[in-house]
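Undergrad: This is structure_34.pdb, which holds PDB, C-alpha atoms (C1' of nucleotides):
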```
ATOM      1  CA  MET A 441     -16.182 -22.998  61.738
ATOM      2  CA  GLU A 442     -17.388 -26.185  60.175
ATOM      3  CA  PHE A 443     -19.207 -24.347  57.460
ATOM      4  CA  GLU A 444     -16.094 -22.455  56.520
ATOM      5  CA  GLU A 445     -14.196 -25.728  56.368
ATOM      6  CA  ARG A 446     -16.650 -27.062  53.853
ATOM      7  CA  ILE A 447     -16.358 -23.853  51.894
ATOM      8  CA  ARG A 448     -12.613 -24.355  51.600
ATOM      9  CA  GLU A 449     -13.156 -27.948  50.494
ATOM     10  CA  ARG A 450     -15.455 -26.833  47.713
ATOM     11  CA  ILE A 451     -13.090 -24.158  46.528
ATOM     12  CA  ARG A 452     -10.302 -26.707  46.377
ATOM     13  CA  ALA A 453     -12.541 -28.878  44.219
ATOM     14  CA  ILE A 454     -12.855 -26.310  41.445
ATOM     15  CA  PRO A 455     -10.871 -27.698  38.516
ATOM     16  CA  ARG A 456      -8.265 -25.754  36.633
ATOM     17  CA  GLY A 457      -9.685 -23.604  33.897
ATOM     18  CA  LYS A 458     -13.086 -23.339  35.557
ATOM     19  CA  VAL A 459     -14.676 -20.839  37.896
ATOM     20  CA  ALA A 460     -17.463 -20.910  40.458
ATOM     21  CA  THR A 461     -19.563 -18.167  41.967
ATOM     22  CA  TYR A 462     -19.658 -17.302  45.654
ATOM     23  CA  ALA A 463     -23.258 -18.444  45.841
ATOM     24  CA  GLN A 464     -22.444 -21.684  44.074
ATOM     25  CA  ILE A 465     -19.715 -22.529  46.537
ATOM     26  CA  ALA A 466     -21.973 -21.622  49.425
ATOM     27  CA  ALA A 467     -24.736 -23.859  48.092
ATOM     28  CA  LEU A 468     -22.390 -26.773  47.554
ATOM     29  CA  ALA A 469     -21.099 -26.260  51.072
ATOM     30  CA  GLY A 470     -24.618 -26.595  52.348
ATOM     31  CA  ASN A 471     -25.991 -23.077  52.630
ATOM     32  CA  PRO A 472     -27.411 -21.440  49.481
ATOM     33  CA  ARG A 473     -27.570 -18.103  51.248
ATOM     34  CA  GLY A 474     -24.046 -18.219  52.555
ATOM     35  CA  ALA A 475     -22.326 -16.272  49.813
ATOM     36  CA  ARG A 476     -21.140 -13.674  52.274
ATOM     37  CA  GLN A 477     -19.461 -16.301  54.375
ATOM     38  CA  VAL A 478     -17.550 -17.371  51.293
ATOM     39  CA  ALA A 479     -16.468 -13.780  50.917
ATOM     40  CA  ARG A 480     -15.288 -13.716  54.512
ATOM     41  CA  VAL A 481     -13.274 -16.882  54.038
ATOM     42  CA  LEU A 482     -11.509 -15.483  51.027
ATOM     43  CA  HIS A 483     -11.010 -12.115  52.606
ATOM     44  CA  SER A 484      -8.738 -13.668  55.183
ATOM     45  CA  CYS A 485      -7.302 -16.564  53.252
ATOM     46  CA  SER A 486      -3.682 -15.818  53.963
ATOM     47  CA  GLY A 487      -2.137 -18.963  55.295
ATOM     48  CA  THR A 488      -4.410 -21.180  53.298
ATOM     49  CA  ALA A 489      -1.913 -22.345  50.745
ATOM     50  CA  GLY A 490      -3.136 -24.368  47.820
ATOM     51  CA  LEU A 491      -6.508 -22.727  47.844
ATOM     52  CA  PRO A 492      -7.458 -21.698  44.306
ATOM     53  CA  TRP A 493      -9.095 -18.506  45.492
ATOM     54  CA  HIS A 494      -8.851 -16.939  42.062
ATOM     55  CA  ARG A 495     -11.450 -19.354  40.667
ATOM     56  CA  VAL A 496     -14.204 -17.769  42.716
ATOM     57  CA  ILE A 497     -16.066 -14.899  41.095
ATOM     58  CA  ASN A 498     -19.382 -13.150  41.604
ATOM     59  CA  SER A 499     -22.773 -14.025  40.183
ATOM     60  CA  ARG A 500     -22.434 -11.415  37.457
ATOM     61  CA  GLY A 501     -19.516 -13.360  36.119
ATOM     62  CA  GLY A 502     -16.961 -10.815  37.188
ATOM     63  CA  ILE A 503     -13.970 -10.360  39.440
ATOM     64  CA  SER A 504     -15.015  -8.684  42.641
ATOM     65  CA  LEU A 505     -11.602  -7.462  43.699
ATOM     66  CA  LYS A 506     -10.773  -3.898  42.838
ATOM     67  CA  ARG A 507      -7.974  -2.636  40.696
ATOM     68  CA  GLY A 508      -4.768  -2.345  42.634
ATOM     69  CA  ARG A 509      -6.112  -4.620  45.337
ATOM     70  CA  GLY A 510      -5.858  -8.055  43.829
ATOM     71  CA  PHE A 511      -7.795  -7.621  40.638
ATOM     72  CA  GLU A 512      -4.775  -7.922  38.393
ATOM     73  CA  ASP A 513      -3.468 -10.973  40.239
ATOM     74  CA  GLN A 514      -6.728 -12.812  39.889
ATOM     75  CA  LYS A 515      -7.057 -11.908  36.248
ATOM     76  CA  ARG A 516      -3.557 -13.111  35.498
ATOM     77  CA  LEU A 517      -4.007 -16.375  37.387
ATOM     78  CA  LEU A 518      -7.206 -17.128  35.524
ATOM     79  CA  ALA A 519      -5.746 -16.234  32.159
ATOM     80  CA  GLY A 520      -2.814 -18.470  33.036
ATOM     81  CA  GLU A 521      -5.102 -21.483  33.101
ATOM     82  CA  GLY A 522      -7.008 -20.692  29.968
ATOM     83  CA  VAL A 523      -9.936 -18.676  31.282
ATOM     84  CA  ARG A 524     -10.627 -15.703  29.088
ATOM     85  CA  VAL A 525     -11.067 -12.587  31.156
ATOM     86  CA  GLY A 526     -12.472  -9.639  29.320
ATOM     87  CA  ARG A 527     -12.617  -5.955  30.096
ATOM     88  CA  GLY A 528     -13.669  -5.153  33.607
ATOM     89  CA  GLY A 529     -12.794  -8.666  34.688
ATOM     90  CA  ARG A 530     -15.726 -10.283  32.959
ATOM     91  CA  VAL A 531     -15.695 -14.045  32.575
ATOM     92  CA  GLY A 532     -18.194 -15.943  30.456
ATOM     93  CA  LEU A 533     -20.047 -18.084  32.959
ATOM     94  CA  ASP A 534     -21.745 -20.054  30.199
ATOM     95  CA  GLU A 535     -18.370 -21.164  29.051
ATOM     96  CA  PHE A 536     -16.262 -21.348  32.174
ATOM     97  CA  GLN A 537     -18.511 -21.995  35.145
ATOM     98  CA  TRP A 538     -17.754 -25.235  36.900
ATOM     99  CA  GLN A 539     -20.565 -27.764  36.608
ATOM    100  CA  PRO A 540     -19.963 -30.380  39.298
ATOM    101  CA  GLY A 541     -20.790 -33.745  37.836
ATOM    102  CA  SER A 542     -22.070 -35.294  41.005
ATOM    103  CA  VAL A 543     -23.580 -33.551  43.941
ATOM    104  CA  PRO A 544     -22.518 -34.620  47.419
ATOM    105  CA  SER A 545     -26.170 -34.810  48.413
ATOM    106  CA  LYS A 546     -26.164 -35.709  52.040
ATOM    107  CA  GLY A 547     -29.897 -35.731  51.616
ATOM    108  CA  ALA A 548     -32.660 -34.334  49.491
ATOM    109  CA  LYS A 549     -32.158 -30.986  51.106
ATOM    110  CA  ASP A 550     -28.669 -30.574  49.750
ATOM    111  CA  PHE A 551     -29.889 -31.551  46.351
ATOM    112  CA  LEU A 552     -32.412 -28.750  46.286
ATOM    113  CA  LYS A 553     -29.769 -26.365  47.432
ATOM    114  CA  ALA A 554     -27.566 -27.505  44.601
ATOM    115  CA  LEU A 555     -30.395 -26.842  42.196
ATOM    116  CA  GLU A 556     -30.556 -23.322  43.448
ATOM    117  CA  SER A 557     -26.891 -22.935  42.772
ATOM    118  CA  LEU A 558     -27.570 -23.871  39.176
ATOM    119  CA  GLY A 559     -30.168 -21.174  38.877
ATOM    120  CA  LEU A 560     -33.034 -23.612  38.541
ATOM    121  CA  ARG A 561     -34.747 -22.701  41.743
ATOM    122  CA  ARG A 562     -34.047 -19.051  42.221
ATOM    123  CA  ARG A 563     -37.063 -18.081  44.284
ATOM    124  CA  ARG A 564     -36.353 -15.167  46.469
ATOM    125  CA  ARG A 565     -38.332 -12.782  48.536
ATOM    126  CA  THR A 566     -39.667  -9.787  46.781
ATOM    127  CA  ARG A 567     -39.073  -6.494  48.174
ATOM    128  CA  GLY A 568     -41.223  -3.466  47.501
ATOM    129  CA  HIS A 569     -39.150  -0.561  46.631
ATOM    130  CA  PRO A 570     -38.857   2.707  48.558
ATOM    131  CA  SER A 571     -39.238   5.902  46.673
TER     132      SER A 571
ATOM    133  C1'  DC B  61     -28.137 -10.978  74.410
ATOM    134  C1'  DC B  62     -26.006  -7.229  71.123
ATOM    135  C1'  DT B  63     -23.377  -4.976  67.109
ATOM    136  C1'  DA B  64     -20.137  -5.096  63.234
ATOM    137  C1'  DT B  65     -18.205  -7.283  59.236
ATOM    138  C1'  DG B  66     -17.783  -9.410  54.688
ATOM    139  C1'  DA B  67     -13.904 -10.334  47.531
ATOM    140  C1'  DC B  68     -22.347 -11.362  47.899
ATOM    141  C1'  DA B  69     -27.107 -11.689  45.362
ATOM    142  C1'  DG B  70     -31.195 -10.077  43.590
ATOM    143  C1'  DA B  71     -34.715  -6.731  42.730
ATOM    144  C1'  DC B  72     -35.709  -2.254  41.177
ATOM    145  C1'  DA B  73     -35.617   2.235  38.673
TER     146       DA B  73
ATOM    147  C1'  DG C 197     -25.831  -1.516  30.402
ATOM    148  C1'  DT C 198     -25.493   1.444  35.569
ATOM    149  C1'  DG C 199     -26.591   2.681  40.483
ATOM    150  C1'  DT C 200     -28.856   1.884  44.862
ATOM    151  C1'  DC C 201     -31.155  -0.540  48.250
ATOM    152  C1'  DT C 202     -32.337  -4.522  50.990
ATOM    153  C1'  DG C 203     -31.989  -9.483  52.463
ATOM    154  C1'  DC C 204     -28.825 -12.547  53.982
ATOM    155  C1'  DC C 205     -26.064 -15.223  57.813
ATOM    156  C1'  DA C 206     -21.918 -17.384  60.079
ATOM    157  C1'  DT C 207     -18.319 -15.432  63.013
ATOM    158  C1'  DA C 208     -15.960 -12.596  66.145
ATOM    159  C1'  DG C 209     -15.960  -9.666  69.983
TER     160       DG C 209
END
```
Let me see the structure of the file written as structure tokens.
TA:
Amino acid sequence: MEFEERIRERIRAIPRGKVATYAQIAALAGNPRGARQVARVLHSCSGTAGLPWHRVINSRGGISLKRGRGFEDQKRLLAGEGVRVGRGGRVGLDEFQWQPGSVPSKGAKDFLKALESLGLRRRRRTRGHPS
DNA sequence: CCTATGACAGACA
DNA sequence: GTGTCTGCCATAG
């Protein structure tokens, strides 16, 4: 419950005209691997007025909602604040991704997590592929 | 304890 | 670029 609260705080902190990825929000909220929890929060965000849910997109720089199920709304809201949304809901992360000036850093741990969110510490488990 | 869920992310082919 | 598979983890029941 607490984690989801922090997620909402971070989403509220995204400035107009900028976007953040699910993983970025999760990392800033304290859990770099919590992207799916961000998804859960937004999935049931009715009742959470004032939450700029439309500024959260996926790591590929695209809108995750499907056509006819919110996609158009999100696209319009973003365009309304100056974010260019291209075909297929693509947004240029290089141009529009939110870069938080200061990190909350409740310790060195959070700082490292923030680094991961910036793609500077990707490091993930490899997987061996099934044929 | 268990299983299911989720607007995800990354690694492959 | 696309498609598929796996890793992930807090929450709810």
Undergrad: So which one's closest to Leu533 in chain A, A:His483, A:Arg495, A:Arg500, A:Arg476? Using all atoms listed in the file, please.
TA: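 Ranked by minimum distance to Leu533 in chain A, first place goes to A:Arg500.
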Undergrad: What is the distance between CA of Glu444 in chain A and CA of Thr461 in chain A, in Å to one decimal?
TA: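 Taking CA of Glu444 in chain A and CA of Thr461 in chain A, their separation equals 15.6 Å.
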Undergrad: I need the residue nearest chain B from this list: A:Arg509, A:Val531, A:Ala469, A:Ala460. Use all atoms listed in the file for the distance.
TA: A:Arg509
Undergrad: Here is a test: counting only C-alpha atoms (C1' of nucleotides), which residue of A:Cys485, A:Leu505, A:Val459, A:Met441 is nearest to chain B?
TA: A:Leu505
Undergrad: Could you jot down the C1' of DC62 in chain B to CA of Gly474 in chain A separation for me, Å, one decimal place?
TA: 21.7 Å
Undergrad: Got a sec to pull out which chain B residues are within 12 Å of chain A, counting all atoms listed in the file, and send them as a ChimeraX atom specification?
TA: /B:65-73
Undergrad: Please produce a file of those selected residues containing C-alpha atoms (C1' of nucleotides), as a PDB file, in the frame of the given file.
TA:
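Here's the written file part-v8.pdb:
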```
ATOM      1  C1'  DT B  65     -18.205  -7.283  59.236  1.00  0.00           C
ATOM      2  C1'  DG B  66     -17.783  -9.410  54.688  1.00  0.00           C
ATOM      3  C1'  DA B  67     -13.904 -10.334  47.531  1.00  0.00           C
ATOM      4  C1'  DC B  68     -22.347 -11.362  47.899  1.00  0.00           C
ATOM      5  C1'  DA B  69     -27.107 -11.689  45.362  1.00  0.00           C
ATOM      6  C1'  DG B  70     -31.195 -10.077  43.590  1.00  0.00           C
ATOM      7  C1'  DA B  71     -34.715  -6.731  42.730  1.00  0.00           C
ATOM      8  C1'  DC B  72     -35.709  -2.254  41.177  1.00  0.00           C
ATOM      9  C1'  DA B  73     -35.617   2.235  38.673  1.00  0.00           C
TER      10       DA B  73
END
```
Undergrad: For the interface of chain C with chain A (cut-off 7 Å, counting all atoms listed in the file), please tabulate each contacting residue of chain C alongside its nearest pair of atoms and their separation in Å to one decimal, rows sorted by chain and increasing number, as CSV.
TA:
```
residue,atom,partner,partner_atom,distance
C:DC204,C1',A:Arg473,CA,6.3
C:DC205,C1',A:Gly474,CA,6.4
C:DA206,C1',A:Gln477,CA,6.3
```
Undergrad: Find the residues with any atom within 7 Å of (-10.3, -12.3, 31.8); use only C-alpha atoms (C1' of nucleotides) and the coordinates as given in the file, and write the answer as a ChimeraX atom specification.
TA: /A:515,518-519,523-527,529-531
Undergrad: Determine the residue membership of the PyMOL selection byres ((chain A and resi 457) around 6) for the file above and supply it as a VMD selection string.
TA: chain A and resid 456 458 521 to 523
Undergrad: One decimal, Å: what's the distance from CA of Ala467 in chain A over to CA of Arg450 in chain A, could you say?
TA: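 Those two atoms sit 9.8 Å apart.
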Undergrad: Report the centre and edge lengths, in Å to one decimal, of an axis-aligned box enclosing every atom of range 499-514 of chain A listed in the file, padded by 6 Å on each side, as lines of an AutoDock Vina configuration file.
TA:
```
center_x = -13.1
center_y = -8.2
center_z = 40.7
size_x = 31.3
size_y = 23.7
size_z = 21.2
```
